[in-house]
file data-v6.cif (mmCIF, N, CA and C atoms)
data_model
#
loop_
_atom_site.label_atom_id
_atom_site.label_comp_id
_atom_site.auth_asym_id
_atom_site.auth_seq_id
_atom_site.Cartn_x
_atom_site.Cartn_y
_atom_site.Cartn_z
N MET A 1 87.17 124.45 57.67
CA MET A 1 88.09 123.33 57.68
C MET A 1 87.28 122.07 57.96
N ALA A 2 87.29 121.17 57.01
CA ALA A 2 86.55 119.91 57.15
C ALA A 2 87.50 118.82 57.63
N ASN A 3 87.06 118.11 58.64
CA ASN A 3 87.81 116.96 59.13
C ASN A 3 86.83 115.83 59.34
N PRO A 4 87.28 114.60 59.15
CA PRO A 4 86.36 113.48 59.36
C PRO A 4 85.96 113.37 60.83
N ASN A 5 84.78 112.88 61.04
CA ASN A 5 84.29 112.60 62.38
C ASN A 5 85.02 111.36 62.86
N ILE A 6 85.86 111.49 63.87
CA ILE A 6 86.69 110.35 64.28
C ILE A 6 85.94 109.33 65.12
N THR A 7 84.65 109.56 65.35
CA THR A 7 83.85 108.49 65.96
C THR A 7 83.38 107.51 64.90
N GLY A 8 83.47 107.91 63.62
CA GLY A 8 83.09 107.03 62.52
C GLY A 8 84.29 106.69 61.65
N VAL A 9 85.38 106.32 62.28
CA VAL A 9 86.63 106.04 61.57
C VAL A 9 86.47 104.85 60.64
N THR A 10 86.96 105.00 59.41
CA THR A 10 86.96 103.88 58.47
C THR A 10 88.35 103.26 58.31
N ALA A 11 89.40 104.05 58.63
CA ALA A 11 90.76 103.51 58.51
C ALA A 11 91.72 104.28 59.41
N ILE A 12 92.69 103.57 59.97
CA ILE A 12 93.78 104.18 60.73
C ILE A 12 95.07 103.54 60.23
N TYR A 13 95.99 104.36 59.74
CA TYR A 13 97.26 103.88 59.23
C TYR A 13 98.39 104.45 60.08
N GLY A 14 99.24 103.59 60.63
CA GLY A 14 100.39 104.02 61.39
C GLY A 14 101.52 104.41 60.45
N LYS A 15 102.16 105.54 60.72
CA LYS A 15 103.25 106.03 59.87
C LYS A 15 104.35 106.62 60.74
N SER A 16 105.54 106.68 60.17
CA SER A 16 106.67 107.39 60.76
C SER A 16 107.39 108.11 59.65
N PHE A 17 107.94 109.27 59.98
CA PHE A 17 108.70 110.05 59.01
C PHE A 17 109.87 110.69 59.71
N GLY A 18 111.03 110.59 59.12
CA GLY A 18 112.23 111.20 59.68
C GLY A 18 112.92 112.10 58.69
N ASN A 19 113.65 113.09 59.22
CA ASN A 19 114.36 114.02 58.36
C ASN A 19 115.49 114.68 59.16
N VAL A 20 116.44 115.23 58.43
CA VAL A 20 117.53 115.99 59.03
C VAL A 20 117.08 117.44 59.11
N LEU A 21 117.29 118.06 60.27
CA LEU A 21 116.92 119.47 60.42
C LEU A 21 118.06 120.37 59.98
N THR A 22 117.69 121.50 59.38
CA THR A 22 118.66 122.50 58.98
C THR A 22 118.36 123.80 59.74
N THR A 23 119.07 124.85 59.42
CA THR A 23 118.84 126.14 60.07
C THR A 23 117.66 126.89 59.45
N SER A 24 117.06 126.34 58.40
CA SER A 24 115.86 126.92 57.80
C SER A 24 114.63 126.28 58.43
N ASN A 25 113.68 127.09 58.82
CA ASN A 25 112.44 126.59 59.41
C ASN A 25 111.63 125.93 58.30
N ALA A 26 111.59 124.62 58.28
CA ALA A 26 110.98 123.88 57.18
C ALA A 26 109.87 122.96 57.68
N ILE A 27 108.96 122.65 56.80
CA ILE A 27 107.86 121.74 57.12
C ILE A 27 108.41 120.33 57.31
N ILE A 28 108.02 119.71 58.41
CA ILE A 28 108.39 118.33 58.69
C ILE A 28 107.27 117.40 58.22
N ILE A 29 106.03 117.76 58.56
CA ILE A 29 104.86 116.99 58.15
C ILE A 29 103.69 117.94 58.02
N ALA A 30 102.87 117.72 56.99
CA ALA A 30 101.71 118.59 56.75
C ALA A 30 100.47 117.76 56.49
N ASN A 31 99.34 118.30 56.87
CA ASN A 31 98.04 117.72 56.54
C ASN A 31 97.34 118.74 55.66
N GLY A 32 97.36 118.49 54.38
CA GLY A 32 96.86 119.43 53.40
C GLY A 32 95.37 119.71 53.48
N SER A 33 94.98 120.85 53.00
CA SER A 33 93.58 121.23 52.94
C SER A 33 92.83 120.26 52.04
N GLY A 34 91.70 119.76 52.52
CA GLY A 34 90.90 118.83 51.72
C GLY A 34 91.41 117.40 51.73
N SER A 35 92.31 117.06 52.64
CA SER A 35 92.86 115.70 52.68
C SER A 35 91.82 114.67 53.11
N GLY A 36 90.83 115.13 53.88
CA GLY A 36 89.84 114.20 54.41
C GLY A 36 90.38 113.37 55.56
N ASN A 37 91.55 113.75 56.09
CA ASN A 37 92.20 113.01 57.17
C ASN A 37 92.48 113.89 58.37
N VAL A 38 92.62 113.26 59.50
CA VAL A 38 93.17 113.87 60.71
C VAL A 38 94.42 113.07 61.02
N LEU A 39 95.51 113.76 61.36
CA LEU A 39 96.74 113.07 61.75
C LEU A 39 96.88 113.15 63.26
N LYS A 40 97.00 112.01 63.91
CA LYS A 40 97.24 111.98 65.35
C LYS A 40 98.74 111.86 65.54
N ILE A 41 99.35 112.91 66.08
CA ILE A 41 100.79 112.93 66.30
C ILE A 41 101.06 112.26 67.64
N ASN A 42 101.73 111.11 67.59
CA ASN A 42 102.01 110.34 68.80
C ASN A 42 103.35 110.69 69.42
N ASN A 43 104.38 110.83 68.60
CA ASN A 43 105.74 111.09 69.10
C ASN A 43 106.47 112.03 68.16
N ILE A 44 107.23 112.93 68.75
CA ILE A 44 108.22 113.70 68.01
C ILE A 44 109.51 113.58 68.81
N VAL A 45 110.53 113.00 68.19
CA VAL A 45 111.80 112.76 68.85
C VAL A 45 112.90 113.42 68.03
N VAL A 46 113.78 114.16 68.72
CA VAL A 46 114.90 114.83 68.06
C VAL A 46 116.19 114.24 68.62
N SER A 47 117.09 113.82 67.73
CA SER A 47 118.37 113.24 68.14
C SER A 47 119.52 114.09 67.63
N ASN A 48 120.52 114.27 68.49
CA ASN A 48 121.72 114.99 68.10
C ASN A 48 122.76 113.94 67.68
N VAL A 49 123.13 113.97 66.40
CA VAL A 49 124.08 112.99 65.88
C VAL A 49 125.52 113.49 65.91
N ASP A 50 125.72 114.70 66.40
CA ASP A 50 127.07 115.25 66.56
C ASP A 50 127.65 114.70 67.85
N GLY A 51 128.80 114.11 67.78
CA GLY A 51 129.41 113.50 68.96
C GLY A 51 130.11 114.47 69.89
N ALA A 52 130.19 115.75 69.51
CA ALA A 52 130.98 116.68 70.32
C ALA A 52 130.22 117.91 70.79
N ALA A 53 129.20 118.34 70.05
CA ALA A 53 128.59 119.64 70.37
C ALA A 53 127.07 119.55 70.49
N ALA A 54 126.54 120.35 71.39
CA ALA A 54 125.09 120.48 71.52
C ALA A 54 124.55 121.34 70.39
N ALA A 55 123.26 121.22 70.12
CA ALA A 55 122.59 122.06 69.14
C ALA A 55 121.18 122.34 69.64
N ASP A 56 120.65 123.50 69.29
CA ASP A 56 119.30 123.89 69.71
C ASP A 56 118.28 123.48 68.67
N VAL A 57 117.06 123.15 69.15
CA VAL A 57 115.98 122.78 68.24
C VAL A 57 114.74 123.60 68.58
N THR A 58 113.99 123.94 67.54
CA THR A 58 112.67 124.54 67.68
C THR A 58 111.71 123.72 66.82
N ILE A 59 110.62 123.28 67.42
CA ILE A 59 109.57 122.54 66.72
C ILE A 59 108.27 123.30 66.96
N GLU A 60 107.50 123.51 65.89
CA GLU A 60 106.26 124.27 66.03
C GLU A 60 105.10 123.65 65.26
N TYR A 61 103.93 123.84 65.81
CA TYR A 61 102.66 123.57 65.12
C TYR A 61 102.35 124.85 64.36
N ASN A 62 101.90 124.73 63.11
CA ASN A 62 101.58 125.92 62.30
C ASN A 62 100.16 125.81 61.78
N THR A 63 99.43 126.91 61.81
CA THR A 63 98.02 126.92 61.46
C THR A 63 97.75 126.91 59.96
N ALA A 64 98.78 126.72 59.15
CA ALA A 64 98.60 126.59 57.70
C ALA A 64 99.50 125.46 57.18
N ALA A 65 98.95 124.62 56.32
CA ALA A 65 99.71 123.48 55.80
C ALA A 65 100.96 123.93 55.04
N ALA A 66 100.89 125.12 54.44
CA ALA A 66 102.05 125.64 53.72
C ALA A 66 103.09 126.24 54.65
N GLY A 67 102.77 126.28 55.95
CA GLY A 67 103.73 126.80 56.93
C GLY A 67 103.72 128.31 57.06
N THR A 68 102.71 128.96 56.46
CA THR A 68 102.66 130.42 56.47
C THR A 68 101.69 130.98 57.50
N GLY A 69 101.13 130.12 58.34
CA GLY A 69 100.17 130.55 59.34
C GLY A 69 100.83 130.95 60.64
N THR A 70 100.07 130.91 61.70
CA THR A 70 100.56 131.26 63.03
C THR A 70 101.33 130.10 63.64
N PRO A 71 102.57 130.33 64.09
CA PRO A 71 103.33 129.26 64.75
C PRO A 71 102.98 129.17 66.23
N ILE A 72 102.81 127.95 66.70
CA ILE A 72 102.65 127.67 68.12
C ILE A 72 103.78 126.71 68.47
N ARG A 73 104.72 127.16 69.27
CA ARG A 73 105.92 126.38 69.52
C ARG A 73 105.68 125.25 70.53
N LEU A 74 106.08 124.05 70.12
CA LEU A 74 106.06 122.89 71.00
C LEU A 74 107.36 122.80 71.77
N ALA A 75 108.44 123.22 71.14
CA ALA A 75 109.77 123.28 71.74
C ALA A 75 110.46 124.51 71.15
N SER A 76 111.01 125.36 71.99
CA SER A 76 111.62 126.59 71.51
C SER A 76 113.06 126.70 71.98
N THR A 77 113.96 126.64 71.03
CA THR A 77 115.41 126.73 71.26
C THR A 77 115.88 125.89 72.45
N ILE A 78 115.48 124.63 72.45
CA ILE A 78 115.91 123.70 73.50
C ILE A 78 117.23 123.06 73.08
N SER A 79 118.19 123.08 73.97
CA SER A 79 119.49 122.50 73.69
C SER A 79 119.43 120.98 73.78
N VAL A 80 119.90 120.32 72.72
CA VAL A 80 120.01 118.86 72.71
C VAL A 80 121.50 118.54 72.80
N PRO A 81 121.94 117.95 73.91
CA PRO A 81 123.37 117.66 74.08
C PRO A 81 123.90 116.70 73.00
N ALA A 82 125.21 116.70 72.83
CA ALA A 82 125.86 115.79 71.88
C ALA A 82 125.45 114.35 72.18
N ASP A 83 125.15 113.61 71.12
CA ASP A 83 124.79 112.19 71.23
C ASP A 83 123.62 111.94 72.18
N ALA A 84 122.67 112.87 72.23
CA ALA A 84 121.51 112.73 73.11
C ALA A 84 120.22 112.86 72.30
N THR A 85 119.12 112.53 72.97
CA THR A 85 117.80 112.57 72.34
C THR A 85 116.85 113.39 73.19
N LEU A 86 116.00 114.17 72.53
CA LEU A 86 114.96 114.97 73.19
C LEU A 86 113.61 114.44 72.73
N ILE A 87 112.75 114.08 73.67
CA ILE A 87 111.39 113.70 73.35
C ILE A 87 110.53 114.96 73.45
N VAL A 88 110.10 115.46 72.30
CA VAL A 88 109.30 116.69 72.27
C VAL A 88 107.87 116.37 72.68
N THR A 89 107.30 115.31 72.12
CA THR A 89 105.98 114.83 72.53
C THR A 89 106.01 113.31 72.54
N ASP A 90 105.12 112.74 73.36
CA ASP A 90 104.97 111.29 73.37
C ASP A 90 103.48 110.97 73.47
N LYS A 91 103.15 109.71 73.63
CA LYS A 91 101.74 109.30 73.66
C LYS A 91 100.93 110.05 74.71
N SER A 92 101.55 110.43 75.82
CA SER A 92 100.80 111.12 76.88
C SER A 92 100.50 112.57 76.52
N THR A 93 101.18 113.10 75.50
CA THR A 93 100.94 114.48 75.07
C THR A 93 100.60 114.54 73.58
N SER A 94 100.05 113.46 73.05
CA SER A 94 99.70 113.42 71.63
C SER A 94 98.67 114.50 71.30
N PHE A 95 98.62 114.87 70.03
CA PHE A 95 97.67 115.89 69.58
C PHE A 95 97.29 115.62 68.14
N TYR A 96 96.27 116.32 67.67
CA TYR A 96 95.75 116.12 66.31
C TYR A 96 96.23 117.23 65.39
N LEU A 97 96.59 116.83 64.19
CA LEU A 97 96.95 117.77 63.13
C LEU A 97 95.77 117.77 62.16
N GLU A 98 94.95 118.81 62.25
CA GLU A 98 93.77 118.92 61.41
C GLU A 98 94.16 119.29 59.99
N GLU A 99 93.19 119.27 59.09
CA GLU A 99 93.45 119.69 57.72
C GLU A 99 93.99 121.12 57.70
N ASN A 100 94.86 121.37 56.74
CA ASN A 100 95.47 122.68 56.52
C ASN A 100 96.30 123.14 57.72
N THR A 101 97.04 122.22 58.34
CA THR A 101 98.00 122.54 59.39
C THR A 101 99.28 121.75 59.15
N CYS A 102 100.34 122.13 59.84
CA CYS A 102 101.60 121.40 59.67
C CYS A 102 102.47 121.52 60.91
N ILE A 103 103.54 120.75 60.91
CA ILE A 103 104.58 120.85 61.92
C ILE A 103 105.85 121.26 61.20
N LYS A 104 106.50 122.28 61.74
CA LYS A 104 107.75 122.78 61.17
C LYS A 104 108.85 122.66 62.21
N GLY A 105 110.10 122.76 61.77
CA GLY A 105 111.20 122.73 62.71
C GLY A 105 112.51 123.16 62.11
N PHE A 106 113.43 123.54 63.00
CA PHE A 106 114.77 123.90 62.56
C PHE A 106 115.76 123.72 63.70
N ALA A 107 117.04 123.70 63.34
CA ALA A 107 118.13 123.51 64.29
C ALA A 107 119.07 124.71 64.25
N SER A 108 119.87 124.84 65.28
CA SER A 108 120.86 125.94 65.30
C SER A 108 122.07 125.62 64.43
N VAL A 109 122.24 124.33 64.08
CA VAL A 109 123.37 123.90 63.26
C VAL A 109 122.85 122.95 62.19
N ASN A 110 123.23 123.18 60.95
CA ASN A 110 122.80 122.30 59.85
C ASN A 110 123.31 120.87 60.05
N GLY A 111 122.39 119.91 59.94
CA GLY A 111 122.77 118.50 59.90
C GLY A 111 123.08 117.82 61.22
N ASP A 112 123.09 118.55 62.33
CA ASP A 112 123.41 117.92 63.61
C ASP A 112 122.21 117.24 64.26
N LEU A 113 121.00 117.70 63.94
CA LEU A 113 119.80 117.16 64.57
C LEU A 113 118.93 116.44 63.55
N GLU A 114 118.41 115.30 63.97
CA GLU A 114 117.47 114.54 63.15
C GLU A 114 116.15 114.43 63.92
N VAL A 115 115.04 114.48 63.19
CA VAL A 115 113.72 114.42 63.81
C VAL A 115 112.96 113.21 63.28
N LEU A 116 112.24 112.54 64.18
CA LEU A 116 111.37 111.43 63.81
C LEU A 116 109.99 111.72 64.36
N VAL A 117 108.99 111.62 63.48
CA VAL A 117 107.58 111.82 63.87
C VAL A 117 106.85 110.52 63.64
N SER A 118 106.19 110.03 64.68
CA SER A 118 105.35 108.84 64.58
C SER A 118 103.90 109.32 64.69
N TYR A 119 103.07 108.92 63.72
CA TYR A 119 101.70 109.44 63.69
C TYR A 119 100.75 108.44 63.09
N GLU A 120 99.46 108.72 63.23
CA GLU A 120 98.41 107.90 62.64
C GLU A 120 97.59 108.76 61.68
N ILE A 121 97.32 108.22 60.51
CA ILE A 121 96.41 108.87 59.56
C ILE A 121 95.03 108.29 59.82
N ILE A 122 94.11 109.15 60.23
CA ILE A 122 92.76 108.71 60.57
C ILE A 122 91.80 109.26 59.53
N SER A 123 91.02 108.35 58.92
CA SER A 123 90.03 108.79 57.93
C SER A 123 88.71 108.07 58.15
#

call {"tool": "encode", "arguments": {"input": "data-v6.cif", "output": "structure tokens"}}
result
Amino acid sequence: MANPNITGVTAIYGKSFGNVLTTSNAIIIANGSGSGNVLKINNIVVSNVDGAAAADVTIEYNTAAAGTGTPIRLASTISVPADATLIVTDKSTSFYLEENTCIKGFASVNGDLEVLVSYEIIS
């Protein structure tokens, strides 16, 4: 797995990506093999948009960009109350997404939870 030497950074781009979680464990963000980038994950925030019911969330780091590798759970079936937000990671717990890895996630109820990932593309 080749990753750029981050002491010789040529560019850093700030990005954010959001999506609605479903009951299928799906890729939220991936760093493909051969991208030549490292992604620094700064924040993962999950919001419950249902005004009446809680829903559970699972967020995982996966050792393959296609999501078929070993899952390492960052949050496992954590209940997010109605109209509330869960901070899964923040700047104090940031981590790197190397080439050929991804972040996946799912909810206990389709459409009740939304996820936002704030990250930096480092090359």

call {"tool": "residues_around", "arguments": {"input": "data-v6.cif", "residues": "Val38 (chain A)", "least_positions_apart": "6", "cutoff": "6 Å", "atoms": "all atoms listed in the file", "output": "list of chain:residue names"}}
result
A:Pro4, A:Leu97, A:Glu98, A:Glu99, A:Glu120, A:Ile121, A:Ile122, A:Ser123

call {"tool": "atom_distance", "arguments": {"input": "data-v6.cif", "atom1": "atom N of Asn37 (chain A)", "atom2": "atom C of Thr7 (chain A)"}}
result
13.5 Å

call {"tool": "closest_residue", "arguments": {"input": "data-v6.cif", "among": "A:Ile78, A:Ile44, A:Ile72, A:Ile6", "to": "Glu60 (chain A)", "atoms": "all atoms listed in the file"}}
result
A:Ile72

call {"tool": "residues_around", "arguments": {"input": "data-v6.cif", "residues": "Ser94 (chain A)", "least_positions_apart": "4", "cutoff": "5 Å", "atoms": "only N, CA and C atoms", "output": "PyMOL selection string"}}
result
chain A and resi 41-42+90

call {"tool": "write_last_selection", "arguments": {"input": "data-v6.cif", "atoms": "N, CA and C atoms", "output": "PDB file, keeping the file's coordinate frame"}}
result
ATOM      1  N   ILE A  41      99.350 112.910  66.080  1.00  0.00           N
ATOM      2  CA  ILE A  41     100.790 112.930  66.300  1.00  0.00           C
ATOM      3  C   ILE A  41     101.060 112.260  67.640  1.00  0.00           C
ATOM      4  N   ASN A  42     101.730 111.110  67.590  1.00  0.00           N
ATOM      5  CA  ASN A  42     102.010 110.340  68.800  1.00  0.00           C
ATOM      6  C   ASN A  42     103.350 110.690  69.420  1.00  0.00           C
ATOM      7  N   ASP A  90     105.120 112.740  73.360  1.00  0.00           N
ATOM      8  CA  ASP A  90     104.970 111.290  73.370  1.00  0.00           C
ATOM      9  C   ASP A  90     103.480 110.970  73.470  1.00  0.00           C
TER      10      ASP A  90
END

call {"tool": "residues_around", "arguments": {"input": "data-v6.cif", "residues": "Thr70 (chain A)", "least_positions_apart": "4", "cutoff": "8 Å", "atoms": "all atoms listed in the file", "output": "number ranges by chain"}}
result
A: 60-64

call {"tool": "decode", "arguments": {"input": "data-v6.cif", "residues": "region 13-26 of chain A", "atoms": "all heavy atoms", "output": "PDB file, in the first residue's frame"}}
result
ATOM      1  N   TYR A  13      -6.568  19.569   0.749  1.00  0.00           N
ATOM      2  CA  TYR A  13      -7.880  20.074   0.364  1.00  0.00           C
ATOM      3  C   TYR A  13      -8.894  19.686   1.431  1.00  0.00           C
ATOM      4  O   TYR A  13      -9.036  18.500   1.752  1.00  0.00           O
ATOM      5  CB  TYR A  13      -8.320  19.510  -0.987  1.00  0.00           C
ATOM      6  CG  TYR A  13      -7.391  19.874  -2.115  1.00  0.00           C
ATOM      7  CD1 TYR A  13      -6.436  18.968  -2.575  1.00  0.00           C
ATOM      8  CD2 TYR A  13      -7.451  21.120  -2.717  1.00  0.00           C
ATOM      9  CE1 TYR A  13      -5.574  19.297  -3.608  1.00  0.00           C
ATOM     10  CE2 TYR A  13      -6.598  21.459  -3.752  1.00  0.00           C
ATOM     11  CZ  TYR A  13      -5.659  20.536  -4.186  1.00  0.00           C
ATOM     12  OH  TYR A  13      -4.798  20.873  -5.210  1.00  0.00           O
ATOM     13  N   GLY A  14      -9.608  20.658   1.977  1.00  0.00           N
ATOM     14  CA  GLY A  14     -10.660  20.393   2.942  1.00  0.00           C
ATOM     15  C   GLY A  14     -11.933  19.979   2.231  1.00  0.00           C
ATOM     16  O   GLY A  14     -12.326  20.586   1.229  1.00  0.00           O
ATOM     17  N   LYS A  15     -12.578  18.935   2.734  1.00  0.00           N
ATOM     18  CA  LYS A  15     -13.800  18.416   2.114  1.00  0.00           C
ATOM     19  C   LYS A  15     -14.788  18.013   3.193  1.00  0.00           C
ATOM     20  O   LYS A  15     -14.420  17.690   4.319  1.00  0.00           O
ATOM     21  CB  LYS A  15     -13.502  17.163   1.275  1.00  0.00           C
ATOM     22  CG  LYS A  15     -12.625  17.397   0.083  1.00  0.00           C
ATOM     23  CD  LYS A  15     -13.425  17.986  -1.032  1.00  0.00           C
ATOM     24  CE  LYS A  15     -12.652  17.930  -2.336  1.00  0.00           C
ATOM     25  NZ  LYS A  15     -13.432  18.360  -3.451  1.00  0.00           N
ATOM     26  N   SER A  16     -16.049  17.967   2.816  1.00  0.00           N
ATOM     27  CA  SER A  16     -17.116  17.405   3.647  1.00  0.00           C
ATOM     28  C   SER A  16     -18.031  16.605   2.748  1.00  0.00           C
ATOM     29  O   SER A  16     -18.233  16.953   1.573  1.00  0.00           O
ATOM     30  CB  SER A  16     -17.923  18.498   4.349  1.00  0.00           C
ATOM     31  OG  SER A  16     -17.111  19.175   5.277  1.00  0.00           O
ATOM     32  N   PHE A  17     -18.577  15.535   3.298  1.00  0.00           N
ATOM     33  CA  PHE A  17     -19.511  14.700   2.545  1.00  0.00           C
ATOM     34  C   PHE A  17     -20.596  14.220   3.484  1.00  0.00           C
ATOM     35  O   PHE A  17     -20.312  13.765   4.595  1.00  0.00           O
ATOM     36  CB  PHE A  17     -18.805  13.490   1.925  1.00  0.00           C
ATOM     37  CG  PHE A  17     -19.745  12.573   1.200  1.00  0.00           C
ATOM     38  CD1 PHE A  17     -20.223  12.905  -0.053  1.00  0.00           C
ATOM     39  CD2 PHE A  17     -20.174  11.398   1.783  1.00  0.00           C
ATOM     40  CE1 PHE A  17     -21.114  12.075  -0.720  1.00  0.00           C
ATOM     41  CE2 PHE A  17     -21.063  10.556   1.125  1.00  0.00           C
ATOM     42  CZ  PHE A  17     -21.533  10.897  -0.130  1.00  0.00           C
ATOM     43  N   GLY A  18     -21.827  14.332   3.055  1.00  0.00           N
ATOM     44  CA  GLY A  18     -22.956  13.870   3.855  1.00  0.00           C
ATOM     45  C   GLY A  18     -23.823  12.906   3.090  1.00  0.00           C
ATOM     46  O   GLY A  18     -23.860  12.936   1.855  1.00  0.00           O
ATOM     47  N   ASN A  19     -24.512  12.044   3.846  1.00  0.00           N
ATOM     48  CA  ASN A  19     -25.388  11.065   3.221  1.00  0.00           C
ATOM     49  C   ASN A  19     -26.420  10.584   4.242  1.00  0.00           C
ATOM     50  O   ASN A  19     -26.217  10.707   5.447  1.00  0.00           O
ATOM     51  CB  ASN A  19     -24.593   9.874   2.683  1.00  0.00           C
ATOM     52  CG  ASN A  19     -25.244   9.226   1.489  1.00  0.00           C
ATOM     53  OD1 ASN A  19     -26.383   9.518   1.160  1.00  0.00           O
ATOM     54  ND2 ASN A  19     -24.516   8.343   0.838  1.00  0.00           N
ATOM     55  N   VAL A  20     -27.495  10.019   3.737  1.00  0.00           N
ATOM     56  CA  VAL A  20     -28.520   9.406   4.577  1.00  0.00           C
ATOM     57  C   VAL A  20     -28.139   7.946   4.772  1.00  0.00           C
ATOM     58  O   VAL A  20     -27.790   7.251   3.810  1.00  0.00           O
ATOM     59  CB  VAL A  20     -29.909   9.525   3.909  1.00  0.00           C
ATOM     60  CG1 VAL A  20     -30.965   8.802   4.726  1.00  0.00           C
ATOM     61  CG2 VAL A  20     -30.286  10.985   3.712  1.00  0.00           C
ATOM     62  N   LEU A  21     -28.199   7.482   6.015  1.00  0.00           N
ATOM     63  CA  LEU A  21     -27.880   6.080   6.294  1.00  0.00           C
ATOM     64  C   LEU A  21     -29.118   5.210   6.134  1.00  0.00           C
ATOM     65  O   LEU A  21     -30.230   5.631   6.455  1.00  0.00           O
ATOM     66  CB  LEU A  21     -27.331   5.936   7.716  1.00  0.00           C
ATOM     67  CG  LEU A  21     -25.990   6.616   7.975  1.00  0.00           C
ATOM     68  CD1 LEU A  21     -25.634   6.531   9.459  1.00  0.00           C
ATOM     69  CD2 LEU A  21     -24.889   6.001   7.131  1.00  0.00           C
ATOM     70  N   THR A  22     -28.890   4.003   5.638  1.00  0.00           N
ATOM     71  CA  THR A  22     -29.962   3.023   5.511  1.00  0.00           C
ATOM     72  C   THR A  22     -29.616   1.812   6.376  1.00  0.00           C
ATOM     73  O   THR A  22     -28.609   1.809   7.079  1.00  0.00           O
ATOM     74  CB  THR A  22     -30.127   2.576   4.045  1.00  0.00           C
ATOM     75  OG1 THR A  22     -28.970   1.819   3.653  1.00  0.00           O
ATOM     76  CG2 THR A  22     -30.315   3.765   3.114  1.00  0.00           C
ATOM     77  N   THR A  23     -30.417   0.774   6.295  1.00  0.00           N
ATOM     78  CA  THR A  23     -30.157  -0.439   7.059  1.00  0.00           C
ATOM     79  C   THR A  23     -29.124  -1.338   6.379  1.00  0.00           C
ATOM     80  O   THR A  23     -28.737  -2.356   6.940  1.00  0.00           O
ATOM     81  CB  THR A  23     -31.449  -1.234   7.306  1.00  0.00           C
ATOM     82  OG1 THR A  23     -32.064  -1.516   6.047  1.00  0.00           O
ATOM     83  CG2 THR A  23     -32.419  -0.444   8.190  1.00  0.00           C
ATOM     84  N   SER A  24     -28.658  -0.951   5.201  1.00  0.00           N
ATOM     85  CA  SER A  24     -27.593  -1.679   4.512  1.00  0.00           C
ATOM     86  C   SER A  24     -26.250  -1.052   4.872  1.00  0.00           C
ATOM     87  O   SER A  24     -26.099   0.161   4.815  1.00  0.00           O
ATOM     88  CB  SER A  24     -27.770  -1.609   2.995  1.00  0.00           C
ATOM     89  OG  SER A  24     -28.954  -2.245   2.621  1.00  0.00           O
ATOM     90  N   ASN A  25     -25.291  -1.880   5.224  1.00  0.00           N
ATOM     91  CA  ASN A  25     -23.956  -1.390   5.566  1.00  0.00           C
ATOM     92  C   ASN A  25     -23.285  -0.925   4.275  1.00  0.00           C
ATOM     93  O   ASN A  25     -22.872  -1.745   3.456  1.00  0.00           O
ATOM     94  CB  ASN A  25     -23.139  -2.484   6.255  1.00  0.00           C
ATOM     95  CG  ASN A  25     -21.912  -1.950   6.941  1.00  0.00           C
ATOM     96  OD1 ASN A  25     -21.689  -0.744   7.004  1.00  0.00           O
ATOM     97  ND2 ASN A  25     -21.108  -2.850   7.466  1.00  0.00           N
ATOM     98  N   ALA A  26     -23.187   0.366   4.086  1.00  0.00           N
ATOM     99  CA  ALA A  26     -22.713   0.936   2.828  1.00  0.00           C
ATOM    100  C   ALA A  26     -21.494   1.826   3.047  1.00  0.00           C
ATOM    101  O   ALA A  26     -21.298   2.384   4.127  1.00  0.00           O
ATOM    102  CB  ALA A  26     -23.828   1.749   2.176  1.00  0.00           C
TER     103      ALA A  26
END
